[in-house]
$ cat protein00.txt   # compact mmCIF, C-alpha atoms
# COMPACT_ATOMS: atom_id res chain seq x y z
CA MET A 106 135.09 211.83 231.94
CA ASN A 107 138.19 210.97 233.92
CA ARG A 108 137.65 212.52 237.36
CA SER A 109 141.43 212.89 237.80
CA GLN A 110 141.29 215.50 235.05
CA SER A 111 138.73 217.59 236.91
CA GLN A 112 138.91 219.91 239.89
CA SER A 113 135.30 219.96 240.98
CA SER A 114 136.15 222.08 244.05
CA ILE A 115 136.22 225.25 241.91
CA LYS A 116 133.29 227.36 243.04
CA THR A 117 134.42 230.92 242.31
CA ILE A 118 136.76 232.52 239.78
CA ALA A 119 137.73 236.13 240.43
CA LEU A 120 138.68 238.45 237.56
CA GLY A 121 140.84 241.54 238.05
CA SER A 122 138.75 243.78 235.79
CA ASP A 123 135.22 245.10 235.43
CA ARG A 124 135.48 245.58 231.64
CA ALA A 125 132.53 244.02 229.83
CA ALA A 126 134.65 242.33 227.14
CA LYS A 127 136.82 240.59 229.75
CA ILE A 128 133.83 239.44 231.82
CA ILE A 129 132.15 238.07 228.69
CA ALA A 130 135.39 236.24 227.81
CA LEU A 131 135.64 234.63 231.24
CA ARG A 132 131.99 233.55 231.25
CA ALA A 133 132.33 232.12 227.74
CA CYS A 134 135.48 230.24 228.75
CA VAL A 135 133.79 228.77 231.84
CA ALA A 136 130.86 227.64 229.67
CA ARG A 137 133.26 225.97 227.20
CA VAL A 138 135.08 224.13 230.00
CA ALA A 139 131.71 223.06 231.46
CA GLU A 140 131.10 221.14 228.22
CA ILE A 141 133.91 218.73 229.20
CA ASP A 142 133.67 219.11 232.99
CA PRO A 143 130.05 219.66 234.12
CA SER A 144 131.17 220.88 237.57
CA TRP A 145 132.27 224.13 235.90
CA ALA A 146 128.62 224.90 235.07
CA LYS A 147 128.20 225.96 238.71
CA VAL A 148 131.26 228.24 238.82
CA ASN A 149 130.52 231.78 239.98
CA VAL A 150 132.37 234.64 238.26
CA VAL A 151 133.31 237.66 240.37
CA ALA A 152 134.75 240.74 238.62
CA ARG A 153 136.40 243.70 240.31
CA ALA A 154 138.23 246.74 238.97
CA VAL A 155 141.82 246.74 240.21
CA SER A 156 144.85 249.02 240.08
CA THR A 157 148.28 247.77 239.01
CA ASN A 158 151.69 249.14 238.09
CA ALA A 159 151.32 247.86 234.53
CA PRO A 160 151.61 250.50 231.80
CA ALA A 161 148.33 251.77 230.36
CA MET A 162 149.47 250.49 226.97
CA PRO A 163 151.78 247.46 227.25
CA LEU A 164 154.24 247.24 224.35
CA THR A 165 155.99 243.90 224.96
CA ASP A 166 155.04 240.35 225.88
CA TRP A 167 156.87 240.85 229.18
CA GLU A 168 154.70 243.90 230.04
CA LEU A 169 151.55 242.04 228.97
CA MET A 170 152.36 238.97 231.04
CA GLN A 171 153.39 241.04 234.05
CA GLY A 172 150.20 243.10 233.76
CA ALA A 173 148.01 239.97 233.63
CA ARG A 174 149.79 238.54 236.68
CA GLU A 175 149.49 241.80 238.62
CA ARG A 176 145.76 241.95 237.89
CA ALA A 177 145.22 238.42 239.21
CA LEU A 178 147.16 239.13 242.39
CA ALA A 179 145.44 242.50 242.84
CA VAL A 180 141.96 240.96 242.71
CA ARG A 181 143.09 238.30 245.19
CA ASP A 182 144.27 240.99 247.61
CA LEU A 183 141.14 243.09 247.07
CA LEU A 184 138.81 240.17 247.81
CA ARG A 185 140.78 239.13 250.86
CA GLY A 186 140.44 242.66 252.17
CA GLN A 187 136.68 242.12 251.83
CA ARG A 188 136.99 238.68 253.53
CA LEU A 189 136.10 236.91 250.29
CA GLU A 190 137.94 234.08 248.56
CA ALA A 191 138.05 232.41 245.17
CA GLU A 192 139.61 229.16 244.01
CA ILE A 193 141.12 230.84 240.94
CA TYR A 194 142.24 234.46 240.48
CA VAL A 195 142.56 235.74 236.91
CA GLY A 196 144.17 238.68 235.17
CA LEU A 197 143.87 239.64 231.51
CA GLU A 198 146.05 242.15 229.66
CA GLY A 199 146.02 243.18 226.03
CA GLY A 200 148.47 245.27 224.04
CA PHE A 201 151.26 245.17 221.49
CA HIS A 202 154.26 242.98 220.89
CA SER A 203 156.77 244.00 218.20
CA ILE A 204 159.48 241.90 216.60
CA SER A 205 162.02 242.50 213.84
CA ILE A 206 162.29 239.88 211.10
CA GLU A 207 165.17 240.47 208.68
CA GLY A 208 165.21 244.17 209.55
CA GLU A 209 161.46 244.72 209.12
CA TRP A 210 159.42 245.50 212.22
CA HIS A 211 156.08 243.79 212.76
CA THR A 212 153.70 244.80 215.53
CA PHE A 213 150.99 242.43 216.73
CA LEU A 214 147.96 242.86 218.93
CA ARG A 215 147.66 240.07 221.47
CA GLY A 216 146.45 239.33 224.95
CA TRP A 217 147.71 237.32 227.88
CA ALA A 218 145.81 235.60 230.67
CA TYR A 219 147.21 234.56 234.04
CA ALA A 220 145.36 232.17 236.34
CA THR A 221 146.48 231.23 239.84
CA ASP A 222 145.10 229.16 242.69
CA ASP A 223 147.46 231.16 244.96
CA LYS A 224 149.91 228.26 245.00
CA ARG A 225 150.92 228.13 241.33
CA GLY A 226 150.10 230.20 238.29
CA TRP A 227 149.83 229.62 234.57
CA PHE A 228 149.81 231.86 231.52
CA GLY A 229 147.85 231.58 228.31
CA SER A 230 148.08 233.72 225.18
CA SER A 231 145.51 234.83 222.66
CA PRO A 232 146.18 234.65 218.93
CA SER A 233 148.05 237.57 217.36
CA ILE A 234 147.05 239.87 214.53
CA SER A 235 149.17 242.40 212.63
CA VAL A 236 148.37 246.00 213.47
CA PRO A 237 148.34 248.58 210.64
CA ALA A 238 151.37 250.88 210.72
CA ARG A 239 149.31 254.06 211.13
CA ILE A 240 147.66 252.66 214.27
CA VAL A 241 151.02 251.54 215.66
CA LYS A 242 152.46 255.01 215.00
CA SER A 243 149.53 256.74 216.74
CA VAL A 244 149.90 254.52 219.80
CA ILE A 245 153.69 254.38 220.13
CA GLU A 246 154.79 257.77 218.80
CA GLY A 247 151.63 259.57 219.92
CA HIS A 248 151.83 257.99 223.38
CA GLN A 249 148.14 257.10 223.25
CA GLU A 250 146.25 254.07 224.52
CA LEU A 251 145.05 251.74 221.78
CA GLY A 252 141.48 252.15 223.06
CA TRP A 253 141.47 255.86 222.21
CA VAL A 254 143.10 255.33 218.82
CA ILE A 255 140.72 252.53 217.85
CA ASP A 256 137.75 254.72 218.83
CA ASP A 257 138.97 257.30 216.29
CA VAL A 258 139.56 254.64 213.61
CA ALA A 259 136.12 253.08 214.15
CA GLY A 260 134.31 256.40 214.61
CA LYS A 261 132.70 255.07 217.81
CA ARG A 262 133.17 255.53 221.54
CA ASP A 263 134.42 252.89 224.00
CA VAL A 264 135.08 250.25 221.33
CA ARG A 265 137.28 248.29 223.77
CA SER A 266 134.26 247.46 225.95
CA ARG A 267 132.54 245.80 223.00
CA GLN A 268 134.26 244.47 219.85
CA GLY A 269 137.66 245.92 220.75
CA ALA A 270 140.52 246.46 218.34
CA TRP A 271 140.23 242.80 217.36
CA GLY A 272 136.71 243.43 216.08
CA VAL A 273 137.78 246.51 214.13
CA LEU A 274 140.80 244.76 212.58
CA THR A 275 138.86 241.58 211.64
CA ARG A 276 135.52 243.20 210.75
CA ASP A 277 134.07 241.41 213.79
CA LEU A 278 135.14 237.91 212.74
CA VAL A 279 137.07 237.89 216.04
CA THR A 280 136.15 240.21 218.92
CA ARG A 281 138.20 241.27 221.93
CA SER A 282 136.20 238.86 224.08
CA MET A 283 136.85 235.95 221.72
CA SER A 284 140.59 236.58 221.75
CA PHE A 285 140.67 236.68 225.56
CA GLU A 286 138.49 233.56 225.74
CA LEU A 287 141.21 231.59 223.94
CA ALA A 288 143.89 232.95 226.26
CA LEU A 289 141.80 231.86 229.25
CA ILE A 290 141.21 228.38 227.85
CA ALA A 291 144.99 228.03 227.62
CA ALA A 292 145.68 229.44 231.11
CA PHE A 293 143.01 227.23 232.70
CA ALA A 294 144.32 223.97 231.17
CA PRO A 295 146.08 222.90 234.40
CA PHE A 296 142.73 223.20 236.23
CA TYR A 297 140.50 221.27 233.82
CA ASN A 298 143.17 218.88 232.52
CA GLN A 299 145.01 218.11 235.75
CA GLY A 300 146.11 214.66 234.65
CA LEU A 301 148.66 216.20 232.29
CA TYR A 302 149.80 219.06 234.52
CA THR A 303 150.36 217.36 237.90

$ encode --input "protein00.txt" --output "C-alpha cells"
Amino acid sequence: MNRSQSQSSIKTIALGSDRAAKIIALRACVARVAEIDPSWAKVNVVARAVSTNAPAMPLTDWELMQGARERALAVRDLLRGQRLEAEIYVGLEGGFHSISIEGEWHTFLRGWAYATDDKRGWFGSSPSISVPARIVKSVIEGHQELGWVIDDVAGKRDVRSRQGAWGVLTRDLVTRSMSFELALIAAFAPFYNQGLYT
C-alpha cells in the first residue's frame, strides 16, 4: 500500500444520525476501506441524533445534498459542545429526485453522503432506483414522509430502520444501508485515496 494514499490519523468518524440503517452503512463502509487501508480497522464510529433545517422529505438533489451537509455540521457542533472531536464528520440524507425526459417525469430514490474534516468537504451519491408512481403520489401529493408510505406498502412498521424503501423496491437485493454504504465510499475517497485528491 502506498502510504501517501492513506490518512492513518483518522481515529473517530462522527455520524449525524442515530438511525440503525445509517450506522450499519457507516460501519460497513469503514470495514470496506480497512481492506485497503488497515489503519481504518481501528476507526471508532460515533453516532448522534441531530436537528437540521432540511425538509423531512427532500424532493431534489439540492435538498438531499444540503441535508447531508447540515447533518455533518450539526454533529460536529454537537460533539464540540460536549468537548469531543472527530477527524471526519458525516451526514447522510435520502429522498427523491425527479427529472423530466421528453415530457415524461421520472422520480428516483437516492441518497447523498457528505464527509468533512472541518477544512474541506466532499459529497458522494448512492445509486438511484425508479419509484412507483403510486408511492410518489402518496409522498408528494399526500405530503407524507417516504418512511410512513413505505410502512403501509410493506405492511410493517419502521421499515426505514431496517431494509428501507430500497429493500422494499428491490425485494431486499439492495437495502437502505447498502445504498448509503456506496454513497459513503464515494464521499470518503479523498480520505483513503489522498494521492489523487491532493

$ atom_distance --input "protein00.txt" --atom1 "atom CA of Arg137 of chain A" --atom2 "atom CA of Glu286 of chain A"
9.3 Å

$ residues_around --input "protein00.txt" --residues "Lys127 of chain A" --least-positions-apart "6" --cutoff "10 Å" --atoms "only C-alpha atoms" --output "list in words"
Leu120, Gly121, Ala133, Ala152, Gly196, Leu197, Glu198, Arg265, Ser266, Arg267, Arg281, Ser282, Met283, Ser284, Phe285 and Glu286 of chain A

$ residues_around --input "protein00.txt" --residues "segment 168-181 of chain A" --least-positions-apart "6" --cutoff "9 Å" --atoms "only C-alpha atoms" --output "ChimeraX atom specification"
/A:119-122,152-160,162,189-191,193-202,215-221,223,226,228,230

$ atom_distance --input "protein00.txt" --atom1 "atom CA of Val279 of chain A" --atom2 "atom CA of Ser203 of chain A"
20.7 Å

$ residues_around --input "protein00.txt" --residues "Gly252 of chain A" --least-positions-apart "2" --cutoff "9 Å" --atoms "all atoms listed in the file" --output "list in words"
Gln249, Glu250, Val254, Ile255, Asp256, Asp257, Asp263, Val264, Arg265, Gly269 and Ala270 of chain A

$ axis_aligned_box --input "protein00.txt" --around "segment 282-291 of chain A" --padding-each-side "8 Å" --output "lines of an AutoDock Vina configuration file"
center_x = 140.6
center_y = 233.4
center_z = 225.5
size_x = 24.8
size_y = 26.8
size_z = 23.5

$ atom_distance --input "protein00.txt" --atom1 "atom CA of Asp142 of chain A" --atom2 "atom CA of Pro232 of chain A"
24.4 Å

$ closest_residue --input "protein00.txt" --among "A:Thr165, A:Ser243, A:Ser114, A:Ser144" --to "Leu214 of chain A" --atoms "only C-alpha atoms"
A:Thr165

$ closest_residue --input "protein00.txt" --among "A:Asp277, A:Lys242, A:Val151, A:Lys224" --to "Leu184 of chain A" --atoms "all atoms listed in the file"
A:Val151

$ closest_residue --input "protein00.txt" --among "A:Thr303, A:Ala126, A:Ser231, A:Glu192" --to "Ala288 of chain A" --atoms "all atoms listed in the file"
A:Ser231

$ closest_residue --input "protein00.txt" --among "A:Ala161, A:Arg225, A:Leu274, A:Gln187" --to "Val244 of chain A" --atoms "all atoms listed in the file"
A:Ala161

$ build_atoms --input "protein00.txt" --residues "segment 190-213 of chain A" --atoms "N, CA and C atoms" --output "PDB file, keeping the file's coordinate frame"
ATOM      1  N   GLU A 190     136.922 234.959 249.141  1.00  0.00           N
ATOM      2  CA  GLU A 190     137.940 234.080 248.560  1.00  0.00           C
ATOM      3  C   GLU A 190     137.441 233.573 247.207  1.00  0.00           C
ATOM      4  N   ALA A 191     138.366 233.103 246.420  1.00  0.00           N
ATOM      5  CA  ALA A 191     138.050 232.410 245.170  1.00  0.00           C
ATOM      6  C   ALA A 191     139.040 231.254 245.045  1.00  0.00           C
ATOM      7  N   GLU A 192     138.684 230.267 244.247  1.00  0.00           N
ATOM      8  CA  GLU A 192     139.610 229.160 244.010  1.00  0.00           C
ATOM      9  C   GLU A 192     140.629 229.517 242.929  1.00  0.00           C
ATOM     10  N   ILE A 193     140.217 230.397 242.004  1.00  0.00           N
ATOM     11  CA  ILE A 193     141.120 230.840 240.940  1.00  0.00           C
ATOM     12  C   ILE A 193     141.012 232.362 240.813  1.00  0.00           C
ATOM     13  N   TYR A 194     142.171 233.016 240.706  1.00  0.00           N
ATOM     14  CA  TYR A 194     142.240 234.460 240.480  1.00  0.00           C
ATOM     15  C   TYR A 194     142.820 234.678 239.088  1.00  0.00           C
ATOM     16  N   VAL A 195     142.212 235.578 238.330  1.00  0.00           N
ATOM     17  CA  VAL A 195     142.560 235.740 236.910  1.00  0.00           C
ATOM     18  C   VAL A 195     142.859 237.192 236.576  1.00  0.00           C
ATOM     19  N   GLY A 196     143.874 237.372 235.748  1.00  0.00           N
ATOM     20  CA  GLY A 196     144.170 238.680 235.170  1.00  0.00           C
ATOM     21  C   GLY A 196     144.261 238.552 233.665  1.00  0.00           C
ATOM     22  N   LEU A 197     143.798 239.571 232.969  1.00  0.00           N
ATOM     23  CA  LEU A 197     143.870 239.640 231.510  1.00  0.00           C
ATOM     24  C   LEU A 197     144.505 240.958 231.114  1.00  0.00           C
ATOM     25  N   GLU A 198     145.399 240.922 230.145  1.00  0.00           N
ATOM     26  CA  GLU A 198     146.050 242.150 229.660  1.00  0.00           C
ATOM     27  C   GLU A 198     146.224 242.058 228.160  1.00  0.00           C
ATOM     28  N   GLY A 199     145.850 243.124 227.475  1.00  0.00           N
ATOM     29  CA  GLY A 199     146.020 243.180 226.030  1.00  0.00           C
ATOM     30  C   GLY A 199     146.913 244.346 225.639  1.00  0.00           C
ATOM     31  N   GLY A 200     147.589 244.201 224.510  1.00  0.00           N
ATOM     32  CA  GLY A 200     148.470 245.270 224.040  1.00  0.00           C
ATOM     33  C   GLY A 200     149.278 244.815 222.844  1.00  0.00           C
ATOM     34  N   PHE A 201     150.420 245.427 222.655  1.00  0.00           N
ATOM     35  CA  PHE A 201     151.260 245.170 221.490  1.00  0.00           C
ATOM     36  C   PHE A 201     152.471 244.316 221.837  1.00  0.00           C
ATOM     37  N   HIS A 202     152.947 243.625 220.833  1.00  0.00           N
ATOM     38  CA  HIS A 202     154.260 242.980 220.890  1.00  0.00           C
ATOM     39  C   HIS A 202     154.887 243.173 219.515  1.00  0.00           C
ATOM     40  N   SER A 203     156.083 243.737 219.468  1.00  0.00           N
ATOM     41  CA  SER A 203     156.770 244.000 218.200  1.00  0.00           C
ATOM     42  C   SER A 203     158.015 243.131 218.082  1.00  0.00           C
ATOM     43  N   ILE A 204     158.301 242.723 216.855  1.00  0.00           N
ATOM     44  CA  ILE A 204     159.480 241.900 216.600  1.00  0.00           C
ATOM     45  C   ILE A 204     160.040 242.265 215.228  1.00  0.00           C
ATOM     46  N   SER A 205     161.361 242.212 215.112  1.00  0.00           N
ATOM     47  CA  SER A 205     162.020 242.500 213.840  1.00  0.00           C
ATOM     48  C   SER A 205     162.396 241.190 213.153  1.00  0.00           C
ATOM     49  N   ILE A 206     161.949 241.034 211.922  1.00  0.00           N
ATOM     50  CA  ILE A 206     162.290 239.880 211.100  1.00  0.00           C
ATOM     51  C   ILE A 206     163.042 240.405 209.879  1.00  0.00           C
ATOM     52  N   GLU A 207     164.316 240.038 209.789  1.00  0.00           N
ATOM     53  CA  GLU A 207     165.170 240.470 208.680  1.00  0.00           C
ATOM     54  C   GLU A 207     165.119 241.994 208.481  1.00  0.00           C
ATOM     55  N   GLY A 208     165.152 242.715 209.597  1.00  0.00           N
ATOM     56  CA  GLY A 208     165.210 244.170 209.550  1.00  0.00           C
ATOM     57  C   GLY A 208     163.875 244.875 209.398  1.00  0.00           C
ATOM     58  N   GLU A 209     162.794 244.110 209.263  1.00  0.00           N
ATOM     59  CA  GLU A 209     161.460 244.720 209.120  1.00  0.00           C
ATOM     60  C   GLU A 209     160.676 244.488 210.407  1.00  0.00           C
ATOM     61  N   TRP A 210     160.166 245.596 210.957  1.00  0.00           N
ATOM     62  CA  TRP A 210     159.420 245.500 212.220  1.00  0.00           C
ATOM     63  C   TRP A 210     157.966 245.125 211.968  1.00  0.00           C
ATOM     64  N   HIS A 211     157.476 244.221 212.797  1.00  0.00           N
ATOM     65  CA  HIS A 211     156.080 243.790 212.760  1.00  0.00           C
ATOM     66  C   HIS A 211     155.507 243.982 214.161  1.00  0.00           C
ATOM     67  N   THR A 212     154.358 244.606 214.238  1.00  0.00           N
ATOM     68  CA  THR A 212     153.700 244.800 215.530  1.00  0.00           C
ATOM     69  C   THR A 212     152.389 244.033 215.532  1.00  0.00           C
ATOM     70  N   PHE A 213     152.183 243.272 216.596  1.00  0.00           N
ATOM     71  CA  PHE A 213     150.990 242.430 216.730  1.00  0.00           C
ATOM     72  C   PHE A 213     150.174 242.854 217.939  1.00  0.00           C
TER      73      PHE A 213
END
